[in-house]
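Next comes target_37.tsv, with TSV, C-alpha atoms (C1' of nucleotides).
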```tsv
chain	number	residue	atom	x	y	z
R	1	MET	CA	-19.59	-1.29	6.28
R	2	PHE	CA	-20.76	-2.09	2.79
R	3	LEU	CA	-24.55	-1.80	2.52
R	4	SER	CA	-27.24	-1.38	-0.15
R	5	THR	CA	-27.52	-2.45	-3.75
R	6	SER	CA	-26.84	-0.58	-7.00
R	7	HIS	CA	-26.76	-1.27	-10.70
R	8	ASN	CA	-23.86	0.20	-12.70
R	9	LYS	CA	-22.68	-0.03	-16.27
R	10	ILE	CA	-19.53	-1.83	-17.38
R	11	ASP	CA	-17.96	-0.17	-20.44
R	12	LEU	CA	-15.92	-1.70	-23.26
R	13	LYS	CA	-12.71	-1.35	-21.29
R	14	CYS	CA	-14.27	-3.34	-18.43
R	15	ARG	CA	-14.43	-0.21	-16.33
R	16	VAL	CA	-17.16	0.24	-13.75
R	17	SER	CA	-17.93	2.85	-11.13
R	18	ILE	CA	-17.75	1.51	-7.61
R	19	PRO	CA	-20.78	2.93	-5.75
R	20	ALA	CA	-19.75	6.11	-3.98
R	21	SER	CA	-20.76	4.84	-0.54
R	22	PHE	CA	-18.47	1.82	-0.93
R	23	ARG	CA	-15.62	4.06	-1.98
R	24	VAL	CA	-16.08	6.38	0.98
R	25	ASN	CA	-15.98	3.33	3.20
R	26	LEU	CA	-12.58	2.38	1.81
R	27	GLU	CA	-11.17	5.89	1.73
R	28	LYS	CA	-11.97	6.82	5.28
R	29	SER	CA	-10.04	3.85	6.58
R	30	ASN	CA	-7.35	4.40	3.97
R	31	GLU	CA	-7.62	0.88	2.61
R	32	SER	CA	-7.26	-0.46	-0.87
R	33	LEU	CA	-9.81	-2.64	-2.58
R	34	ILE	CA	-9.37	-6.34	-3.23
R	35	LEU	CA	-11.54	-8.20	-5.71
R	36	PHE	CA	-11.60	-12.01	-5.86
R	37	LYS	CA	-13.58	-15.00	-7.01
R	38	CYS	CA	-16.30	-15.70	-4.50
R	39	LEU	CA	-15.90	-19.23	-3.12
R	40	GLN	CA	-19.63	-19.85	-2.74
R	41	PHE	CA	-21.34	-18.14	-5.64
R	42	LYS	CA	-20.77	-17.23	-9.26
R	43	CYS	CA	-19.90	-13.63	-8.46
R	44	ILE	CA	-17.00	-11.38	-7.56
R	45	GLU	CA	-16.39	-10.54	-3.95
R	46	GLY	CA	-14.86	-7.23	-2.91
R	47	THR	CA	-13.25	-6.51	0.40
R	48	THR	CA	-10.60	-4.41	2.12
R	49	SER	CA	-6.86	-5.05	2.04
R	50	THR	CA	-6.85	-5.40	5.83
R	51	ARG	CA	-9.32	-8.23	5.66
R	52	MET	CA	-7.33	-9.95	2.95
R	53	GLN	CA	-4.18	-9.56	5.04
R	54	ALA	CA	-5.99	-11.37	7.85
R	55	TYR	CA	-6.58	-14.37	5.57
R	56	ILE	CA	-2.95	-14.31	4.50
R	57	ASN	CA	-1.79	-14.34	8.11
R	58	ALA	CA	-4.15	-17.22	8.78
R	59	ILE	CA	-2.40	-19.34	6.14
R	60	ASP	CA	0.78	-19.34	8.19
R	61	GLU	CA	-1.15	-20.70	11.17
R	62	LEU	CA	-2.43	-23.69	9.23
R	63	ASP	CA	-0.67	-26.88	8.32
R	64	ALA	CA	0.89	-25.91	5.00
R	65	LEU	CA	-0.25	-29.20	3.45
R	66	SER	CA	-3.87	-29.02	4.64
R	67	ASP	CA	-6.80	-28.61	2.27
R	68	ASP	CA	-7.76	-25.33	3.91
R	69	ALA	CA	-4.30	-23.85	3.33
R	70	PHE	CA	-4.43	-25.07	-0.23
R	71	LEU	CA	-7.78	-23.40	-0.88
R	72	LEU	CA	-6.72	-20.17	0.76
R	73	ARG	CA	-3.60	-19.97	-1.39
R	74	MET	CA	-5.75	-20.51	-4.47
R	75	MET	CA	-8.01	-17.74	-3.26
R	76	MET	CA	-5.01	-15.39	-3.15
R	77	ALA	CA	-4.11	-16.44	-6.67
R	78	ASP	CA	-7.58	-15.41	-7.81
R	79	SER	CA	-7.44	-12.06	-6.00
R	80	PHE	CA	-6.51	-8.65	-7.32
R	81	GLU	CA	-5.54	-5.41	-5.65
R	82	ILE	CA	-7.53	-2.81	-7.55
R	83	LYS	CA	-6.72	0.84	-8.19
R	84	PHE	CA	-9.32	3.55	-8.67
R	85	ASP	CA	-9.13	6.11	-11.44
R	86	ILE	CA	-9.78	9.77	-10.66
R	87	ASN	CA	-13.52	9.26	-11.11
R	88	GLY	CA	-13.84	6.32	-8.77
R	89	ARG	CA	-13.87	3.66	-11.41
R	90	VAL	CA	-11.99	0.37	-11.48
R	91	VAL	CA	-11.09	-2.06	-14.23
R	92	ILE	CA	-12.40	-5.56	-13.62
R	93	PRO	CA	-9.72	-8.11	-14.55
R	94	ASP	CA	-10.60	-10.49	-17.38
R	95	THR	CA	-10.41	-13.54	-15.14
R	96	LEU	CA	-13.09	-12.11	-12.88
R	97	MET	CA	-15.27	-10.88	-15.76
R	98	ASN	CA	-15.34	-14.44	-17.08
R	99	PHE	CA	-15.80	-16.12	-13.73
R	100	ALA	CA	-18.86	-14.04	-12.86
R	101	GLU	CA	-20.06	-14.01	-16.48
R	102	LEU	CA	-20.23	-10.24	-16.59
R	103	SER	CA	-20.68	-8.26	-19.77
R	104	ASP	CA	-22.14	-4.75	-19.74
R	105	LYS	CA	-23.91	-4.48	-16.39
R	106	ALA	CA	-22.98	-5.13	-12.79
R	107	VAL	CA	-25.07	-5.35	-9.64
R	108	PHE	CA	-23.27	-4.24	-6.48
R	109	MET	CA	-24.61	-5.78	-3.31
R	110	GLY	CA	-23.20	-4.72	0.06
R	111	ILE	CA	-23.18	-7.47	2.68
R	112	GLY	CA	-21.40	-5.79	5.58
R	113	GLU	CA	-17.70	-6.57	5.69
R	114	SER	CA	-17.58	-7.17	1.97
R	115	PHE	CA	-19.70	-6.84	-1.16
R	116	TYR	CA	-20.67	-8.94	-4.15
R	117	ILE	CA	-20.67	-8.02	-7.85
R	118	TRP	CA	-23.22	-10.05	-9.81
R	119	SER	CA	-24.34	-10.21	-13.39
R	120	PRO	CA	-27.95	-8.95	-13.54
R	121	SER	CA	-29.29	-12.41	-14.35
R	122	GLU	CA	-27.39	-14.24	-11.64
R	123	TYR	CA	-28.41	-11.55	-9.18
R	124	GLU	CA	-32.02	-12.08	-10.16
R	125	ASN	CA	-31.66	-15.84	-9.61
R	126	GLN	CA	-30.25	-15.43	-6.14
R	127	TYR	CA	-32.83	-12.82	-5.25
R	128	MET	CA	-35.67	-15.09	-6.28
R	129	LYS	CA	-34.11	-17.96	-4.40
R	130	SER	CA	-33.93	-15.91	-1.23
R	131	LYS	CA	-37.59	-14.94	-1.52
R	132	LYS	CA	-38.55	-18.55	-1.97
R	133	ILE	CA	-36.60	-19.68	1.09
R	134	LEU	CA	-38.09	-16.87	3.12
R	135	LYS	CA	-41.58	-17.93	2.13
R	136	GLU	CA	-41.00	-21.61	2.83
R	137	LYS	CA	-38.89	-21.50	5.93
R	138	GLY	CA	-39.64	-18.11	7.43
R	139	PRO	CA	-37.17	-15.48	8.58
R	140	PRO	CA	-33.73	-16.48	9.89
R	141	LYS	CA	-33.16	-16.85	13.60
R	142	LEU	CA	-30.46	-14.32	14.19
R	143	ILE	CA	-28.19	-14.62	17.15
R	144	LEU	CA	-26.84	-11.13	17.69
R	145	LYS	CA	-24.93	-11.74	20.83
R	146	LYS	CA	-23.12	-14.77	22.11
R	147	ASN	CA	-23.15	-15.44	25.87
Y	1	MET	CA	1.05	-8.84	-0.63
Y	2	PHE	CA	1.54	-11.01	-3.67
Y	3	LEU	CA	-1.83	-11.55	-5.33
Y	4	SER	CA	-3.26	-12.69	-8.67
Y	5	THR	CA	-2.06	-14.99	-11.40
Y	6	SER	CA	-0.30	-14.26	-14.68
Y	7	HIS	CA	1.16	-16.19	-17.56
Y	8	ASN	CA	4.51	-14.95	-18.89
Y	9	LYS	CA	6.93	-16.15	-21.48
Y	10	ILE	CA	10.38	-17.53	-20.74
Y	11	ASP	CA	12.84	-16.76	-23.54
Y	12	LEU	CA	15.87	-18.73	-24.73
Y	13	LYS	CA	18.10	-17.07	-22.16
Y	14	CYS	CA	15.72	-18.18	-19.37
Y	15	ARG	CA	14.64	-14.60	-18.89
Y	16	VAL	CA	11.12	-13.90	-17.69
Y	17	SER	CA	9.24	-10.76	-16.68
Y	18	ILE	CA	8.19	-10.73	-13.05
Y	19	PRO	CA	4.60	-9.41	-13.01
Y	20	ALA	CA	4.62	-5.67	-12.41
Y	21	SER	CA	2.47	-5.87	-9.30
Y	22	PHE	CA	4.94	-8.30	-7.69
Y	23	ARG	CA	7.82	-5.99	-8.52
Y	24	VAL	CA	6.06	-2.99	-7.04
Y	25	ASN	CA	5.47	-5.01	-3.91
Y	26	LEU	CA	9.19	-5.68	-3.59
Y	27	GLU	CA	10.28	-2.18	-4.51
Y	28	LYS	CA	8.06	-0.34	-2.11
Y	29	SER	CA	9.51	-2.23	0.83
Y	30	ASN	CA	12.97	-2.03	-0.72
Y	31	GLU	CA	13.49	-5.77	-0.60
Y	32	SER	CA	15.29	-8.09	-2.91
Y	33	LEU	CA	13.77	-11.19	-4.45
Y	34	ILE	CA	14.67	-14.72	-3.38
Y	35	LEU	CA	13.81	-17.75	-5.49
Y	36	PHE	CA	14.01	-21.30	-4.15
Y	37	LYS	CA	12.70	-24.83	-4.57
Y	38	CYS	CA	9.24	-25.09	-3.11
Y	39	LEU	CA	9.08	-27.71	-0.35
Y	40	GLN	CA	5.53	-28.83	-1.06
Y	41	PHE	CA	5.14	-28.70	-4.81
Y	42	LYS	CA	7.06	-29.05	-8.04
Y	43	CYS	CA	7.41	-25.30	-8.49
Y	44	ILE	CA	9.63	-22.38	-7.65
Y	45	GLU	CA	8.75	-20.24	-4.68
Y	46	GLY	CA	9.60	-16.55	-4.66
Y	47	THR	CA	9.61	-14.31	-1.64
Y	48	THR	CA	11.20	-11.28	-0.01
Y	49	SER	CA	14.58	-11.27	1.65
Y	50	THR	CA	12.91	-10.46	4.98
Y	51	ARG	CA	10.69	-13.50	4.85
Y	52	MET	CA	13.63	-15.66	3.90
Y	53	GLN	CA	15.42	-14.32	6.95
Y	54	ALA	CA	12.41	-15.45	9.00
Y	55	TYR	CA	12.85	-18.98	7.63
Y	56	ILE	CA	16.51	-18.90	8.57
Y	57	ASN	CA	15.68	-17.77	12.09
Y	58	ALA	CA	13.10	-20.52	12.33
Y	59	ILE	CA	15.76	-23.15	11.68
Y	60	ASP	CA	17.65	-21.98	14.74
Y	61	GLU	CA	14.58	-22.67	16.84
Y	62	LEU	CA	14.49	-26.27	15.72
Y	63	ASP	CA	16.48	-29.18	17.02
Y	64	ALA	CA	19.62	-28.82	14.93
Y	65	LEU	CA	19.74	-32.57	14.27
Y	66	SER	CA	16.09	-32.97	13.30
Y	67	ASP	CA	14.90	-33.91	9.83
Y	68	ASP	CA	13.05	-30.61	9.59
Y	69	ALA	CA	16.20	-28.61	10.17
Y	70	PHE	CA	18.02	-30.75	7.66
Y	71	LEU	CA	15.38	-30.17	4.97
Y	72	LEU	CA	15.27	-26.45	5.61
Y	73	ARG	CA	19.02	-26.15	5.30
Y	74	MET	CA	18.90	-28.03	2.02
Y	75	MET	CA	16.27	-25.57	0.87
Y	76	MET	CA	18.54	-22.65	1.70
Y	77	ALA	CA	21.29	-24.23	-0.33
Y	78	ASP	CA	19.09	-24.05	-3.42
Y	79	SER	CA	18.00	-20.47	-2.85
Y	80	PHE	CA	19.05	-17.59	-5.04
Y	81	GLU	CA	19.02	-13.85	-4.58
Y	82	ILE	CA	17.83	-12.57	-7.93
Y	83	LYS	CA	18.62	-9.31	-9.72
Y	84	PHE	CA	16.25	-7.55	-12.07
Y	85	ASP	CA	17.26	-6.13	-15.42
Y	86	ILE	CA	16.13	-2.64	-16.40
Y	87	ASN	CA	12.84	-3.99	-17.76
Y	88	GLY	CA	11.87	-5.96	-14.69
Y	89	ARG	CA	13.03	-9.32	-15.95
Y	90	VAL	CA	15.04	-11.96	-14.11
Y	91	VAL	CA	17.07	-14.94	-15.23
Y	92	ILE	CA	15.85	-18.20	-13.69
Y	93	PRO	CA	18.80	-20.34	-12.55
Y	94	ASP	CA	19.19	-23.70	-14.30
Y	95	THR	CA	18.69	-25.67	-11.08
Y	96	LEU	CA	15.29	-24.10	-10.61
Y	97	MET	CA	14.28	-24.40	-14.28
Y	98	ASN	CA	14.91	-28.14	-14.03
Y	99	PHE	CA	13.31	-28.58	-10.63
Y	100	ALA	CA	10.04	-26.98	-11.75
Y	101	GLU	CA	10.30	-28.50	-15.25
Y	102	LEU	CA	9.98	-25.12	-16.91
Y	103	SER	CA	10.59	-24.51	-20.58
Y	104	ASP	CA	9.03	-21.60	-22.44
Y	105	LYS	CA	6.14	-20.53	-20.24
Y	106	ALA	CA	5.73	-19.66	-16.59
Y	107	VAL	CA	2.63	-19.17	-14.50
Y	108	PHE	CA	3.07	-16.70	-11.64
Y	109	MET	CA	0.68	-17.30	-8.78
Y	110	GLY	CA	0.55	-14.88	-5.86
Y	111	ILE	CA	-0.24	-16.55	-2.54
Y	112	GLY	CA	0.08	-13.65	-0.11
Y	113	GLU	CA	3.50	-13.52	1.52
Y	114	SER	CA	5.13	-15.25	-1.42
Y	115	PHE	CA	4.43	-16.52	-4.92
Y	116	TYR	CA	4.81	-19.69	-6.93
Y	117	ILE	CA	6.19	-20.14	-10.45
Y	118	TRP	CA	4.66	-23.18	-12.19
Y	119	SER	CA	4.93	-24.81	-15.54
Y	120	PRO	CA	1.56	-24.37	-17.30
Y	121	SER	CA	0.72	-28.06	-17.04
Y	122	GLU	CA	1.58	-28.41	-13.36
Y	123	TYR	CA	-0.36	-25.23	-12.66
Y	124	GLU	CA	-3.36	-26.69	-14.42
Y	125	ASN	CA	-3.15	-29.82	-12.26
Y	126	GLN	CA	-3.10	-27.85	-9.06
Y	127	TYR	CA	-5.89	-25.58	-10.16
Y	128	MET	CA	-8.11	-28.53	-11.00
Y	129	LYS	CA	-7.27	-30.11	-7.70
Y	130	SER	CA	-8.37	-26.99	-5.85
Y	131	LYS	CA	-11.69	-26.94	-7.72
Y	132	LYS	CA	-12.25	-30.52	-6.72
Y	133	ILE	CA	-11.49	-29.92	-3.04
Y	134	LEU	CA	-13.71	-26.86	-2.98
Y	135	LYS	CA	-16.57	-28.82	-4.50
Y	136	GLU	CA	-16.22	-31.77	-2.17
Y	137	LYS	CA	-15.40	-30.07	1.09
Y	138	GLY	CA	-16.72	-26.54	0.65
Y	139	PRO	CA	-14.90	-23.33	1.53
Y	140	PRO	CA	-12.44	-23.16	4.45
Y	141	LYS	CA	-13.99	-22.55	7.87
Y	142	LEU	CA	-12.10	-19.31	8.10
Y	143	ILE	CA	-14.05	-17.89	5.19
Y	144	LEU	CA	-17.41	-18.82	6.58
Y	145	LYS	CA	-16.75	-16.96	9.80
Y	146	LYS	CA	-16.24	-13.61	8.18
Y	147	ASN	CA	-19.77	-12.38	7.40
S	1	DT	C1'	-41.76	24.34	0.84
S	2	DG	C1'	-40.48	25.36	-3.86
S	3	DG	C1'	-37.08	25.95	-7.12
S	4	DG	C1'	-32.82	27.42	-8.85
S	5	DA	C1'	-27.76	26.97	-7.97
S	6	DT	C1'	-24.15	23.88	-6.88
S	7	DA	C1'	-21.86	19.80	-6.12
S	8	DA	C1'	-21.34	14.86	-6.72
S	9	DC	C1'	-21.73	10.97	-9.56
S	10	DA	C1'	-21.63	7.87	-13.51
S	11	DT	C1'	-19.89	7.37	-18.02
S	12	DG	C1'	-17.45	8.23	-22.69
S	13	DG	C1'	-13.24	8.93	-25.29
S	14	DG	C1'	-8.51	10.10	-26.34
S	15	DA	C1'	-3.65	10.83	-24.89
S	16	DT	C1'	0.05	9.00	-22.34
S	17	DT	C1'	2.63	5.71	-19.80
S	18	DT	C1'	3.73	0.86	-18.49
S	19	DT	C1'	4.48	-3.64	-19.45
S	20	DA	C1'	6.09	-7.64	-21.65
S	21	DT	C1'	9.24	-9.25	-24.77
S	22	DG	C1'	12.61	-9.45	-28.70
S	23	DG	C1'	17.09	-8.13	-29.90
S	24	DT	C1'	22.07	-6.23	-29.78
S	25	DA	C1'	26.37	-4.74	-27.97
S	26	DG	C1'	29.69	-4.91	-24.33
S	27	DT	C1'	32.28	-7.62	-20.58
S	28	DC	C1'	34.60	-11.12	-18.34
S	29	DA	C1'	36.57	-15.54	-17.81
S	30	DA	C1'	38.18	-19.87	-19.46
T	1	DT	C1'	38.83	-16.21	-29.15
T	2	DT	C1'	34.86	-18.25	-27.93
T	3	DG	C1'	30.98	-18.75	-25.10
T	4	DA	C1'	28.22	-17.29	-21.38
T	5	DC	C1'	26.42	-13.58	-18.98
T	6	DT	C1'	24.94	-8.81	-18.33
T	7	DA	C1'	23.44	-4.26	-19.43
T	8	DC	C1'	20.96	-1.62	-22.43
T	9	DC	C1'	17.84	-0.31	-26.56
T	10	DA	C1'	13.50	-0.95	-29.40
T	11	DT	C1'	8.66	-1.85	-30.03
T	12	DA	C1'	3.83	-3.37	-29.96
T	13	DA	C1'	0.17	-4.07	-27.05
T	14	DA	C1'	-2.09	-3.17	-22.98
T	15	DA	C1'	-3.10	-0.61	-18.93
T	16	DT	C1'	-3.68	3.85	-16.94
T	17	DC	C1'	-4.43	8.69	-16.60
T	18	DC	C1'	-6.95	12.70	-17.43
T	19	DC	C1'	-10.41	15.72	-19.59
T	20	DA	C1'	-15.26	16.28	-21.07
T	21	DT	C1'	-20.22	15.76	-20.41
T	22	DG	C1'	-24.92	14.59	-19.10
T	23	DT	C1'	-27.47	13.23	-15.20
T	24	DT	C1'	-28.74	12.87	-10.52
T	25	DA	C1'	-28.58	14.32	-5.86
T	26	DT	C1'	-27.87	17.93	-2.47
T	27	DC	C1'	-27.88	22.50	-0.71
T	28	DC	C1'	-29.57	26.98	0.29
T	29	DC	C1'	-32.36	30.84	0.35
T	30	DA	C1'	-36.59	33.15	-0.53
```
Translate the structure described by the file into structure tokens.
Amino acid sequence: MFLSTSHNKIDLKCRVSIPASFRVNLEKSNESLILFKCLQFKCIEGTTSTRMQAYINAIDELDALSDDAFLLRMMMADSFEIKFDINGRVVIPDTLMNFAELSDKAVFMGIGESFYIWSPSEYENQYMKSKKILKEKGPPKLILKKN
Amino acid sequence: MFLSTSHNKIDLKCRVSIPASFRVNLEKSNESLILFKCLQFKCIEGTTSTRMQAYINAIDELDALSDDAFLLRMMMADSFEIKFDINGRVVIPDTLMNFAELSDKAVFMGIGESFYIWSPSEYENQYMKSKKILKEKGPPKLILKKN
DNA sequence: TGGGATAACATGGGATTTTATGGTAGTCAA
DNA sequence: TTGACTACCATAAAATCCCATGTTATCCCA
């Protein structure tokens, strides 16, 4: 599980340290890391190769001409399998740097099965937005168990 | 897994570098590369010999006289097993160059089990189309389930 | 519980290897 | 003998590896 938030520096080579707890999470299940353009927000989403493989398998189940299949294929095209260096850093591909408007700082936000990488300002926006919704509409009604 | 997108040059001999990550993907499973006319789009589709074998097997499951079987057999007829040169380049057969309207640039787009090779302009069209669908219809249901 | 020793982590920089791509020489067939 | 195709060599740019270092977190023992 990816949990917690941390702020790391992106250097001139677009290298950034993946938070140690996220790395451990990947290592202990022997999975590689996939980064891709988040479909809902202006940020990068990171997840495990197993999870990505599940999406890929799902494509074959869909009508090849459907909109969903089309979007999923595009998602693959905007995804990258990422290698760590010996210090636990990764290089963020240019495409993703631009998409999430990252420059010299990254905010890592664990959300369970995956995590987000935000620019500090976009992170701030989303954080404020969540506080506002919480204030106006109250806490979410969570359904932990079905039937 | 074939992931990510890259733009490579096609030279006068119709040679083009297959992106390194795609090559690694083929090498590590010791598979050869098959290129063929994509059935859905004006592009070349590339995949592994094993997956191509799966297509061939699938034809046998179909009614031999059906239109589907006919189309799939036609697809096989325009498929090529491709050899790499020492630098990881391949020569794109004339038939496929013409079919995908390629000239001096190719866009490689990984879509999981296989990849597409587009002309830059056709790629741009498809990319724009996906943005539009995403905006109008939102992300695929599959994605929303995951968190 | 305090505080020093040790390990882990984040980050910088330089050396080395890969990659993409242009070119040339050799081979085979018409 | 010419033209097409293939194998191989060369090179610049980019990606990757590896070492160094300061800082933070953790451990361990008094």
Output the contact residues of chain T with respect to chain R at a cut-off of 9 Å, based on only C-alpha atoms (C1' of nucleotides), as a ChimeraX atom specification. /T:16-18
Can you list every residue of chain S that has an atom at most 10 Å from chain R, with its nearest atom pair and the distance in Å to one decimal, using all atoms listed in the file, ordered by chain then number, as a tab-separated table?
```
residue	atom	partner	partner_atom	distance
S:DA8	C1'	R:Ala20	CA	9.3
S:DC9	C1'	R:Ala20	CA	7.7
S:DA10	C1'	R:Ser17	CA	6.7
S:DT11	C1'	R:Lys9	CA	8.1
S:DG12	C1'	R:Asp11	CA	8.7
```
May I ask which of the residues R:Ile34, R:Ile56, R:Cys14, R:Ile117 is the closest one to R:Arg73, counting only C-alpha atoms? R:Ile56
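Using only C-alpha atoms, the smallest distance between any of R:Asp104, R:Asp63, R:Glu45, R:Asp68 and chain Y comes from R:Asp68.
Matched residue by residue, the Cα atoms of chain Y sit on those of chain R with an RMSD of 2.1 Å after a least-squares fit.
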In the coordinate frame of the file, compute which residues have an atom within 7 Å of (10.4, -27.5, -10.2) when using all atoms listed in the file, and state them as a list in words.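 In the file's frame, the residues around the point are Lys37, Lys42, Cys43, Ile44, Leu96, Met97, Asn98, Phe99, Ala100 and Glu101 of chain Y.
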Report as a ChimeraX atom specification the set of chain Y residues whose atoms approach chain R to within 12 Å, with distances computed over all atoms listed in the file. /Y:1-6,21-22,24-25,38-41,51,107-117,123-124,126-147
Just give me the gap between atom C1' of T:DC19 and atom C1' of S:DT6 in Å, one decimal is fine.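 So the answer is 20.4 Å.
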List every protein, DNA or RNA residue that has an atom no more than 10 Å from (24.6, -8.4, -20.8) in the file's coordinate frame, counting only C-alpha atoms (C1' of nucleotides), and report them as a VMD selection string. (chain Y and resid 85) or (chain S and resid 24 to 27) or (chain T and resid 4 to 8)
Save out the residues we just selected, C-alpha atoms (C1' of nucleotides), as a compact mmCIF listing (two decimals), keeping the file's coordinate frame.
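Contents of the output file selection-v8.txt:
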```
# COMPACT_ATOMS: atom_id res chain seq x y z
CA ASP Y 85 17.26 -6.13 -15.42
C1' DT S 24 22.07 -6.23 -29.78
C1' DA S 25 26.37 -4.74 -27.97
C1' DG S 26 29.69 -4.91 -24.33
C1' DT S 27 32.28 -7.62 -20.58
C1' DA T 4 28.22 -17.29 -21.38
C1' DC T 5 26.42 -13.58 -18.98
C1' DT T 6 24.94 -8.81 -18.33
C1' DA T 7 23.44 -4.26 -19.43
C1' DC T 8 20.96 -1.62 -22.43
```
Hey, can you check how far atom C1' of T:DA15 sits from atom C1' of S:DT19?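 Interatomic distance here is 8.2 Å.
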Around all the atoms of stretch 3-14 of chain T listed in the file, with 3 Å of room on each side, what axis-aligned box do you get, giving centre and edge lengths in Å to one decimal, as AutoDock Vina command-line options?
```
--center_x 14.4 --center_y -9.5 --center_z -24.2 --size_x 39.1 --size_y 24.4 --size_z 17.7
```
